[in-house]
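Visitor: I have a structure I would like to understand better, so I am pasting it below and will then ask my questions one at a time.
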Amino acid sequence: MRGLLRLVACLLLAGLAMELFFVARIAAMAVVDPQSTAFQRSEAWQIAIHQGSKGAWRQEWVPYTQISDNLKRAVIASEDADFIDHNGVEWEAIERARQRNARAEELAARRAARAIARGKPVRPVQLRGGSTITQQLAKNLLLSGERTLLRKGQELVLATLLEVLLDKRRILEIYLNNVEWGEGVFGAEAASQYYFRKPASRLSAGEAARLAVMLPSPKFFERRVGSSYLNGRASTIVARMPAAELP
């Protein structure tokens with residue numbers, strides 16, 4: 001029994017130490033630009049394994065004021081319309097996503113059964129998230145990409161910490177400088193140069209909207225920059241951008 005109690009105490013202390021580490025990291029981000037994120041380090045490792053020294057890496061930090069307001073509005077309109085108002089987590093959006101995913105998994109199971117019966121390949125189910133910009137930043141900055149309840153719980157805690165320790169402007173600045181926009185393409189400046197050959201400060205509304213639409217699946221859209229879906233969705237985002245409030 002004593003051994004079990006010591007083990008539980010050690011696990012609790014380890015968990016507390018990890019949370020304190022996260023608090024310190026996030027607090028430092030109020031004044032220090034993060035040099036990399038957990039997601040970027042994982043991607044860099046994958047690129048090094050598969051491409052070696054030939055693998056391209058594009059990223060350049062630029063201040064908030066050097067990122068076009070068009071891009072800020074487009075990303076908010078596309079990813080998190082209530083960014084200014086929420087406290088890091090939108091529980092209703094998470095519940096809606098859960099319900100959509102449950103229906104999607106049910107339909108996918110039926111399609112899979114029919115496909116197997118006909119000897120055809122089974123298509124993977126496409127799940128959607130209800131994450132805010134703050135949650136996405138928390139996940140990319142400090143967590144792994146695994147899908148578990150524990151990781152999701154950590155994401156919610158870290159999103160709350162980000163909102164407590166940083167203001168909305170800083171959260172958006174860090175997000176836009178670190179989010180993925182293609183294979184080895186990270187941040188607004190790198191994406192703007194890669195896709196449009198211009199600095200992020202000069203992005204037009206249409207260009208910004210196209211980048212925003214890419215965010216859920218940047219590697220997919222990197223190979224389909226002229227797709228009809230991307231064009232149509234970008235037009236929708238342009239129409240929504242005037243209503244997007246900036247921090």
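By convention here, the chains of the structure tokens are called A, B, ... in the order presented, each chain's residues are numbered starting at 1, and ligands are numbered starting at 1 in the order presented.
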With a distance cut-off of 12 Å and only C-alpha atoms, select the neighbouring residues of A:Arg25, excluding the residue or stretch itself and same-chain residues fewer than 2 positions from it, and output the selection as number ranges by chain.
Guide: A: 18-23, 27-35, 37, 138, 141-142, 158, 161-162, 165-166
Visitor: Can I get the residues of stretch 179-247 of chain A within 12 Å of stretch 75-82 of chain A, each with the closest pair of atoms and their distance in Å to one decimal, using only C-alpha atoms, sorted chain first then ascending number, as a tab-separated table?
Guide:
residue	atom	partner	partner_atom	distance
A:Val179	CA	A:Val75	CA	11.0
A:Ala188	CA	A:Val75	CA	10.7
A:Ala205	CA	A:Val75	CA	11.0
A:Glu207	CA	A:Val75	CA	11.5
A:Ala208	CA	A:Val75	CA	8.0
A:Ala209	CA	A:Val75	CA	7.4
A:Arg210	CA	A:Val75	CA	9.7
A:Leu211	CA	A:Val75	CA	8.1
A:Ala212	CA	A:Val75	CA	4.9
A:Val213	CA	A:Ser78	CA	6.7
A:Met214	CA	A:Ser78	CA	9.7
A:Leu215	CA	A:Glu79	CA	8.2
A:Pro216	CA	A:Glu79	CA	8.5
A:Arg233	CA	A:Ser78	CA	9.2
A:Ala234	CA	A:Ser78	CA	9.1
A:Ser235	CA	A:Ser78	CA	11.2
A:Thr236	CA	A:Ser78	CA	9.1
A:Ile237	CA	A:Ser78	CA	6.3
A:Val238	CA	A:Ala77	CA	8.6
A:Ala239	CA	A:Ala77	CA	9.3
A:Arg240	CA	A:Ala77	CA	6.1
A:Met241	CA	A:Ala77	CA	5.8
A:Pro242	CA	A:Ala77	CA	8.9
A:Ala243	CA	A:Ala77	CA	7.9
A:Ala244	CA	A:Ala77	CA	5.7
A:Glu245	CA	A:Ile76	CA	8.0
A:Leu246	CA	A:Ile76	CA	8.2
A:Pro247	CA	A:Ile76	CA	10.5
Visitor: Please list as a CSV table (one decimal) with N, CA and C atoms, in the first residue's frame every residue within 9 Å of A:Ile171, counting only C-alpha atoms and excluding residues in the same chain fewer than 4 positions away.
Guide:
chain,number,residue,atom,x,y,z
A,133,ILE,N,-8.9,29.4,-32.1
A,133,ILE,CA,-7.5,29.7,-32.4
A,133,ILE,C,-6.6,29.5,-31.2
A,134,THR,N,-7.1,29.8,-30.1
A,134,THR,CA,-6.3,29.7,-28.8
A,134,THR,C,-6.0,28.2,-28.6
A,137,LEU,N,-3.4,27.0,-31.0
A,137,LEU,CA,-2.1,27.5,-30.6
A,137,LEU,C,-1.6,26.6,-29.5
A,162,LEU,N,-3.3,30.3,-21.7
A,162,LEU,CA,-2.9,31.3,-22.7
A,162,LEU,C,-3.8,32.6,-22.6
A,163,GLU,N,-5.1,32.4,-22.4
A,163,GLU,CA,-6.0,33.5,-22.3
A,163,GLU,C,-5.8,34.3,-21.1
A,166,LEU,N,-1.8,35.9,-21.6
A,166,LEU,CA,-1.5,36.7,-22.8
A,166,LEU,C,-2.7,37.4,-23.2
A,167,ASP,N,-2.6,38.5,-23.9
A,167,ASP,CA,-3.7,39.2,-24.4
A,167,ASP,C,-4.1,38.6,-25.8
A,175,TYR,N,0.2,32.8,-33.1
A,175,TYR,CA,-0.5,31.9,-33.9
A,175,TYR,C,-0.1,32.1,-35.4
A,176,LEU,N,-0.2,33.3,-35.9
A,176,LEU,CA,0.0,33.6,-37.3
A,176,LEU,C,1.5,33.4,-37.7
Visitor: May I have the residues within 8 Å of A:Gln66 as JSON, numbers by chain, using only C-alpha atoms and disregarding those fewer than 4 positions away in the same chain?
Guide: {"A": [62, 200, 201]}
